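What follows is a short report on a single structure.
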Amino acid sequence: MKLKPLAIAALLVCNAGAHADPIYWNTWASTIAGTLVAPSGTIAVSFAGPAFGVASPYPSWTPLATFADGSIVDNGPVAANGIMQLTGGSDHLNTVSFSVPVVDPVMAIWSLGQGGIDAKFVFAGLSPVLVSGGPSAEYGGVGITVVGDTVSGREANGTIQFKGTYSSISWINPVYENWYGFNVGIAEVAVPEPESLPLLLAALGLLGVAARRKVRALVA
């Protein structure tokens, strides 16, 4: 189906100014709790699972490109956010929960697996989307891989996204390795930039007029 000029104009307006979302990352205070501060408010984050500890300010969460692709995610976590440390090696269910539902949350994973050990996050009924990945600054390696509900890696960094609205995310880490970890974040809901709104409304109005004329012509 070919788009008419007005429809194309509306799409161009909607996409004007499209850019990677700034991510507001959680800061871990302990192995069970953290805080995520976004412009819309503060969200309490909790973790239930066999955590090894919280590392802060190490690791470096670099290189940046392994966590932020510049298209979906604008910025990765920083050292002060900390990292929930996991060792895995069991079918124990790990769950990160949010005090209010969040939209399209992201998870940054640091140094998953090591040489000869392909460690995994296996999510419960979820299929995350790969955002970015690559070797860690500290240990090298490769980027994480995502297949269905499973994220794998050998000394791998990366960020994944869960499309939809969530109050919690659960998974298991079936492979033991000393150690790997994660953090979570969200973006604010994107809205058209103020200068684009009048043009967007005008384009939508013209589309409405054109649709009504077409209906009248068909009825006549």
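Each chain in the structure tokens gets a letter, A, B, ..., in the order shown, and its residues are numbered from 1; ligands are numbered from 1 in order too.
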Problem set entry | Distance query Gly89 (chain A) at most 9 Å, only C-alpha atoms, self and fewer than 2 positions along chain excluded, as a ChimeraX atom specification | /A:87,91-92,119,172-177
Any chance you could export the current selection's all heavy atoms as a short mmCIF file (atom, residue, chain, number, x, y, z; two decimals), in the first residue's frame?
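Below is the file result-v5.cif, written as the result:
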data_model
loop_
_atom_site.label_atom_id
_atom_site.label_comp_id
_atom_site.auth_asym_id
_atom_site.auth_seq_id
_atom_site.Cartn_x
_atom_site.Cartn_y
_atom_site.Cartn_z
N THR A 87 26.48 -15.23 41.01
CA THR A 87 27.38 -16.32 40.63
C THR A 87 26.65 -17.41 39.87
O THR A 87 27.28 -18.18 39.12
CB THR A 87 28.06 -16.94 41.86
OG1 THR A 87 27.04 -17.40 42.77
CG2 THR A 87 28.94 -15.93 42.57
N ASP A 91 18.83 -23.41 39.79
CA ASP A 91 17.55 -23.05 39.16
C ASP A 91 16.74 -22.14 40.07
O ASP A 91 15.52 -22.00 39.90
CB ASP A 91 16.75 -24.31 38.81
CG ASP A 91 16.43 -25.17 40.03
OD1 ASP A 91 16.85 -24.81 41.16
OD2 ASP A 91 15.77 -26.22 39.86
N HIS A 92 17.41 -21.49 41.03
CA HIS A 92 16.73 -20.55 41.92
C HIS A 92 16.23 -19.36 41.11
O HIS A 92 16.94 -18.80 40.29
CB HIS A 92 17.69 -20.06 43.01
CG HIS A 92 17.01 -19.34 44.13
ND1 HIS A 92 16.44 -18.08 43.98
CD2 HIS A 92 16.78 -19.69 45.42
CE1 HIS A 92 15.92 -17.70 45.13
NE2 HIS A 92 16.10 -18.66 46.01
N ALA A 119 27.97 -18.46 30.46
CA ALA A 119 26.96 -18.23 31.49
C ALA A 119 25.70 -17.66 30.86
O ALA A 119 25.73 -17.10 29.75
CB ALA A 119 27.49 -17.29 32.56
N ILE A 172 16.41 -17.26 35.79
CA ILE A 172 17.36 -18.10 36.51
C ILE A 172 18.73 -17.93 35.88
O ILE A 172 18.85 -17.53 34.72
CB ILE A 172 16.95 -19.59 36.50
CG1 ILE A 172 16.92 -20.14 35.06
CG2 ILE A 172 15.61 -19.81 37.19
CD1 ILE A 172 16.72 -21.66 34.99
N ASN A 173 19.76 -18.20 36.67
CA ASN A 173 21.15 -18.21 36.19
C ASN A 173 21.69 -19.62 36.41
O ASN A 173 22.24 -19.93 37.46
CB ASN A 173 22.00 -17.21 36.96
CG ASN A 173 21.57 -15.77 36.74
OD1 ASN A 173 21.06 -15.12 37.64
ND2 ASN A 173 21.78 -15.26 35.55
N PRO A 174 21.50 -20.52 35.43
CA PRO A 174 21.82 -21.93 35.65
C PRO A 174 23.31 -22.27 35.64
O PRO A 174 23.68 -23.36 36.07
CB PRO A 174 21.11 -22.62 34.48
CG PRO A 174 21.07 -21.58 33.40
CD PRO A 174 20.89 -20.28 34.12
N VAL A 175 24.16 -21.35 35.17
CA VAL A 175 25.59 -21.66 35.02
C VAL A 175 26.40 -20.88 36.06
O VAL A 175 26.29 -19.65 36.16
CB VAL A 175 26.09 -21.31 33.61
CG1 VAL A 175 27.57 -21.62 33.48
CG2 VAL A 175 25.29 -22.08 32.56
N TYR A 176 27.23 -21.59 36.83
CA TYR A 176 28.08 -20.94 37.84
C TYR A 176 29.28 -20.28 37.17
O TYR A 176 29.91 -20.84 36.27
CB TYR A 176 28.57 -21.95 38.87
CG TYR A 176 29.54 -21.34 39.86
CD1 TYR A 176 29.07 -20.69 41.00
CD2 TYR A 176 30.92 -21.37 39.64
CE1 TYR A 176 29.94 -20.09 41.89
CE2 TYR A 176 31.80 -20.78 40.52
CZ TYR A 176 31.30 -20.14 41.65
OH TYR A 176 32.18 -19.55 42.53
N GLU A 177 29.59 -19.06 37.67
CA GLU A 177 30.81 -18.35 37.25
C GLU A 177 31.08 -17.26 38.26
O GLU A 177 30.16 -16.63 38.78
CB GLU A 177 30.61 -17.75 35.86
CG GLU A 177 31.87 -17.08 35.31
CD GLU A 177 31.75 -15.57 35.27
OE1 GLU A 177 30.68 -15.06 34.91
OE2 GLU A 177 32.76 -14.90 35.61
#
For this session: Report as a PyMOL selection string: the residues of region 33-99 of chain A with a DSSP assignment of helix (DSSP H, G or I), based on the backbone of this structure.
Result: chain A and resi 64-66+79-81
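Between CA of Gly148 (chain A) and CA of Met107 (chain A) the separation is 15.7 Å.
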Exercise. Skipping near chain neighbours, those fewer than 2 positions away, what residues fall within 7 Å of Asn81 (chain A) using only C-alpha atoms, listed as a ChimeraX atom specification?
Worked result: /A:26-28,77-79,83
Please, could you write that set of residues out with all heavy atoms as an mmCIF file, in the first residue's frame?
data_model
loop_
_atom_site.group_PDB
_atom_site.id
_atom_site.type_symbol
_atom_site.label_atom_id
_atom_site.label_comp_id
_atom_site.auth_asym_id
_atom_site.auth_seq_id
_atom_site.Cartn_x
_atom_site.Cartn_y
_atom_site.Cartn_z
ATOM 1 N N ASN A 26 18.911 2.533 38.012
ATOM 2 C CA ASN A 26 18.783 2.240 39.434
ATOM 3 C C ASN A 26 20.146 2.329 40.124
ATOM 4 O O ASN A 26 21.178 2.015 39.538
ATOM 5 C CB ASN A 26 18.216 0.822 39.582
ATOM 6 C CG ASN A 26 18.335 0.281 40.986
ATOM 7 O OD1 ASN A 26 17.717 0.790 41.901
ATOM 8 N ND2 ASN A 26 19.144 -0.751 41.148
ATOM 9 N N THR A 27 20.134 2.742 41.397
ATOM 10 C CA THR A 27 21.337 2.707 42.230
ATOM 11 C C THR A 27 21.103 1.721 43.363
ATOM 12 O O THR A 27 20.177 1.888 44.164
ATOM 13 C CB THR A 27 21.666 4.101 42.801
ATOM 14 O OG1 THR A 27 21.959 4.992 41.726
ATOM 15 C CG2 THR A 27 22.874 4.030 43.734
ATOM 16 N N TRP A 28 21.925 0.673 43.415
ATOM 17 C CA TRP A 28 21.767 -0.355 44.452
ATOM 18 C C TRP A 28 22.283 0.158 45.797
ATOM 19 O O TRP A 28 23.394 0.671 45.879
ATOM 20 C CB TRP A 28 22.535 -1.622 44.081
ATOM 21 C CG TRP A 28 21.983 -2.355 42.907
ATOM 22 C CD1 TRP A 28 22.594 -2.556 41.706
ATOM 23 C CD2 TRP A 28 20.704 -3.005 42.819
ATOM 24 N NE1 TRP A 28 21.773 -3.276 40.873
ATOM 25 C CE2 TRP A 28 20.616 -3.565 41.533
ATOM 26 C CE3 TRP A 28 19.640 -3.149 43.698
ATOM 27 C CZ2 TRP A 28 19.491 -4.275 41.102
ATOM 28 C CZ3 TRP A 28 18.518 -3.845 43.272
ATOM 29 C CH2 TRP A 28 18.456 -4.404 42.001
ATOM 30 N N PRO A 77 24.901 2.620 32.583
ATOM 31 C CA PRO A 77 25.064 2.904 34.004
ATOM 32 C C PRO A 77 26.441 3.509 34.263
ATOM 33 O O PRO A 77 27.334 3.436 33.417
ATOM 34 C CB PRO A 77 24.942 1.524 34.673
ATOM 35 C CG PRO A 77 24.434 0.602 33.620
ATOM 36 C CD PRO A 77 24.837 1.177 32.309
ATOM 37 N N VAL A 78 26.602 4.074 35.445
ATOM 38 C CA VAL A 78 27.911 4.570 35.875
ATOM 39 C C VAL A 78 28.323 3.798 37.123
ATOM 40 O O VAL A 78 27.508 3.117 37.755
ATOM 41 C CB VAL A 78 27.872 6.087 36.168
ATOM 42 C CG1 VAL A 78 27.560 6.857 34.896
ATOM 43 C CG2 VAL A 78 26.860 6.412 37.265
ATOM 44 N N ALA A 79 29.590 3.909 37.478
ATOM 45 C CA ALA A 79 30.128 3.119 38.588
ATOM 46 C C ALA A 79 29.340 3.331 39.875
ATOM 47 O O ALA A 79 29.126 2.395 40.651
ATOM 48 C CB ALA A 79 31.597 3.459 38.799
ATOM 49 N N ILE A 83 26.499 -2.567 41.023
ATOM 50 C CA ILE A 83 26.106 -3.729 40.230
ATOM 51 C C ILE A 83 25.733 -4.866 41.171
ATOM 52 O O ILE A 83 26.434 -5.139 42.142
ATOM 53 C CB ILE A 83 27.252 -4.148 39.288
ATOM 54 C CG1 ILE A 83 26.840 -5.358 38.441
ATOM 55 C CG2 ILE A 83 28.528 -4.461 40.042
ATOM 56 C CD1 ILE A 83 27.828 -5.668 37.332
#
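The coordinates place CA of Gly41 (chain A) at 25.8 Å from CA of Gly181 (chain A).
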Exercise. Quick one, how far is CA of Val147 (chain A) from CA of Val54 (chain A)?
Worked result: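 So the answer is 27.6 Å.
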For this session: Taking the chain letters and numbering used in this document, name the residues of region 10-103 of chain A that DSSP puts in strand (DSSP E), as a VMD selection string.
Result: chain A and resid 23 to 25 27 to 28 33 to 38 41 to 48 53 to 55 83 to 86 94 to 103
Exercise. Using only C-alpha atoms, which residues sit within 9 Å of Val122 (chain A) once same-chain residues fewer than 4 positions away are excluded, as a ChimeraX atom specification?
Worked result: /A:126,149-152,170-174
Save the residues we just selected, all heavy atoms, as a PDB file, in the first residue's frame?
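File produced: again_28.pdb:
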ATOM      1  N   LEU A 126       9.763 -14.498  29.061  1.00  0.00           N
ATOM      2  CA  LEU A 126      10.066 -13.224  28.432  1.00  0.00           C
ATOM      3  C   LEU A 126      11.112 -13.407  27.342  1.00  0.00           C
ATOM      4  O   LEU A 126      11.996 -14.253  27.460  1.00  0.00           O
ATOM      5  CB  LEU A 126      10.588 -12.217  29.464  1.00  0.00           C
ATOM      6  CG  LEU A 126       9.677 -11.898  30.647  1.00  0.00           C
ATOM      7  CD1 LEU A 126      10.391 -10.961  31.613  1.00  0.00           C
ATOM      8  CD2 LEU A 126       8.380 -11.272  30.168  1.00  0.00           C
ATOM      9  N   ASP A 149      14.366 -16.621  25.064  1.00  0.00           N
ATOM     10  CA  ASP A 149      14.316 -16.161  26.457  1.00  0.00           C
ATOM     11  C   ASP A 149      15.694 -16.170  27.127  1.00  0.00           C
ATOM     12  O   ASP A 149      15.803 -15.918  28.324  1.00  0.00           O
ATOM     13  CB  ASP A 149      13.354 -17.029  27.271  1.00  0.00           C
ATOM     14  CG  ASP A 149      13.770 -18.508  27.329  1.00  0.00           C
ATOM     15  OD1 ASP A 149      14.806 -18.874  26.723  1.00  0.00           O
ATOM     16  OD2 ASP A 149      13.061 -19.299  27.978  1.00  0.00           O
ATOM     17  N   THR A 150      16.754 -16.465  26.368  1.00  0.00           N
ATOM     18  CA  THR A 150      18.078 -16.688  26.959  1.00  0.00           C
ATOM     19  C   THR A 150      19.115 -15.679  26.484  1.00  0.00           C
ATOM     20  O   THR A 150      19.267 -15.447  25.286  1.00  0.00           O
ATOM     21  CB  THR A 150      18.569 -18.113  26.636  1.00  0.00           C
ATOM     22  OG1 THR A 150      17.626 -19.061  27.140  1.00  0.00           O
ATOM     23  CG2 THR A 150      19.926 -18.372  27.274  1.00  0.00           C
ATOM     24  N   VAL A 151      19.827 -15.105  27.459  1.00  0.00           N
ATOM     25  CA  VAL A 151      20.965 -14.227  27.184  1.00  0.00           C
ATOM     26  C   VAL A 151      22.221 -14.986  27.592  1.00  0.00           C
ATOM     27  O   VAL A 151      22.316 -15.496  28.712  1.00  0.00           O
ATOM     28  CB  VAL A 151      20.865 -12.908  27.966  1.00  0.00           C
ATOM     29  CG1 VAL A 151      22.099 -12.038  27.716  1.00  0.00           C
ATOM     30  CG2 VAL A 151      19.598 -12.154  27.574  1.00  0.00           C
ATOM     31  N   SER A 152      23.211 -15.060  26.695  1.00  0.00           N
ATOM     32  CA  SER A 152      24.424 -15.828  26.962  1.00  0.00           C
ATOM     33  C   SER A 152      25.657 -14.966  26.720  1.00  0.00           C
ATOM     34  O   SER A 152      25.599 -13.947  26.023  1.00  0.00           O
ATOM     35  CB  SER A 152      24.495 -17.058  26.049  1.00  0.00           C
ATOM     36  OG  SER A 152      23.347 -17.860  26.170  1.00  0.00           O
ATOM     37  N   SER A 170      11.649 -11.820  36.056  1.00  0.00           N
ATOM     38  CA  SER A 170      12.236 -12.986  36.736  1.00  0.00           C
ATOM     39  C   SER A 170      13.070 -13.822  35.769  1.00  0.00           C
ATOM     40  O   SER A 170      12.799 -13.865  34.562  1.00  0.00           O
ATOM     41  CB  SER A 170      11.138 -13.859  37.352  1.00  0.00           C
ATOM     42  OG  SER A 170      10.432 -13.164  38.364  1.00  0.00           O
ATOM     43  N   TRP A 171      14.061 -14.515  36.332  1.00  0.00           N
ATOM     44  CA  TRP A 171      14.945 -15.350  35.523  1.00  0.00           C
ATOM     45  C   TRP A 171      15.714 -16.321  36.423  1.00  0.00           C
ATOM     46  O   TRP A 171      15.699 -16.206  37.645  1.00  0.00           O
ATOM     47  CB  TRP A 171      15.943 -14.497  34.745  1.00  0.00           C
ATOM     48  CG  TRP A 171      16.974 -13.829  35.610  1.00  0.00           C
ATOM     49  CD1 TRP A 171      18.209 -14.306  35.960  1.00  0.00           C
ATOM     50  CD2 TRP A 171      16.846 -12.571  36.288  1.00  0.00           C
ATOM     51  NE1 TRP A 171      18.858 -13.431  36.781  1.00  0.00           N
ATOM     52  CE2 TRP A 171      18.045 -12.348  37.007  1.00  0.00           C
ATOM     53  CE3 TRP A 171      15.833 -11.604  36.346  1.00  0.00           C
ATOM     54  CZ2 TRP A 171      18.255 -11.209  37.779  1.00  0.00           C
ATOM     55  CZ3 TRP A 171      16.053 -10.460  37.113  1.00  0.00           C
ATOM     56  CH2 TRP A 171      17.252 -10.275  37.811  1.00  0.00           C
ATOM     57  N   ILE A 172      16.413 -17.258  35.792  1.00  0.00           N
ATOM     58  CA  ILE A 172      17.359 -18.105  36.508  1.00  0.00           C
ATOM     59  C   ILE A 172      18.732 -17.933  35.881  1.00  0.00           C
ATOM     60  O   ILE A 172      18.851 -17.535  34.717  1.00  0.00           O
ATOM     61  CB  ILE A 172      16.953 -19.594  36.498  1.00  0.00           C
ATOM     62  CG1 ILE A 172      16.919 -20.144  35.062  1.00  0.00           C
ATOM     63  CG2 ILE A 172      15.612 -19.805  37.195  1.00  0.00           C
ATOM     64  CD1 ILE A 172      16.723 -21.658  34.990  1.00  0.00           C
ATOM     65  N   ASN A 173      19.758 -18.203  36.668  1.00  0.00           N
ATOM     66  CA  ASN A 173      21.148 -18.214  36.189  1.00  0.00           C
ATOM     67  C   ASN A 173      21.688 -19.624  36.406  1.00  0.00           C
ATOM     68  O   ASN A 173      22.244 -19.929  37.457  1.00  0.00           O
ATOM     69  CB  ASN A 173      21.999 -17.207  36.960  1.00  0.00           C
ATOM     70  CG  ASN A 173      21.573 -15.771  36.743  1.00  0.00           C
ATOM     71  OD1 ASN A 173      21.059 -15.120  37.642  1.00  0.00           O
ATOM     72  ND2 ASN A 173      21.781 -15.261  35.547  1.00  0.00           N
ATOM     73  N   PRO A 174      21.503 -20.517  35.434  1.00  0.00           N
ATOM     74  CA  PRO A 174      21.823 -21.929  35.646  1.00  0.00           C
ATOM     75  C   PRO A 174      23.309 -22.269  35.642  1.00  0.00           C
ATOM     76  O   PRO A 174      23.684 -23.362  36.065  1.00  0.00           O
ATOM     77  CB  PRO A 174      21.111 -22.618  34.476  1.00  0.00           C
ATOM     78  CG  PRO A 174      21.068 -21.578  33.396  1.00  0.00           C
ATOM     79  CD  PRO A 174      20.890 -20.283  34.117  1.00  0.00           C
TER      80      PRO A 174
END
Problem set entry | Closest of A:Gly82, A:Gly113, A:Gly153, A:Pro128 to Asn183 (chain A) - atom-to-atom distances counting only C-alpha atoms | A:Gly82
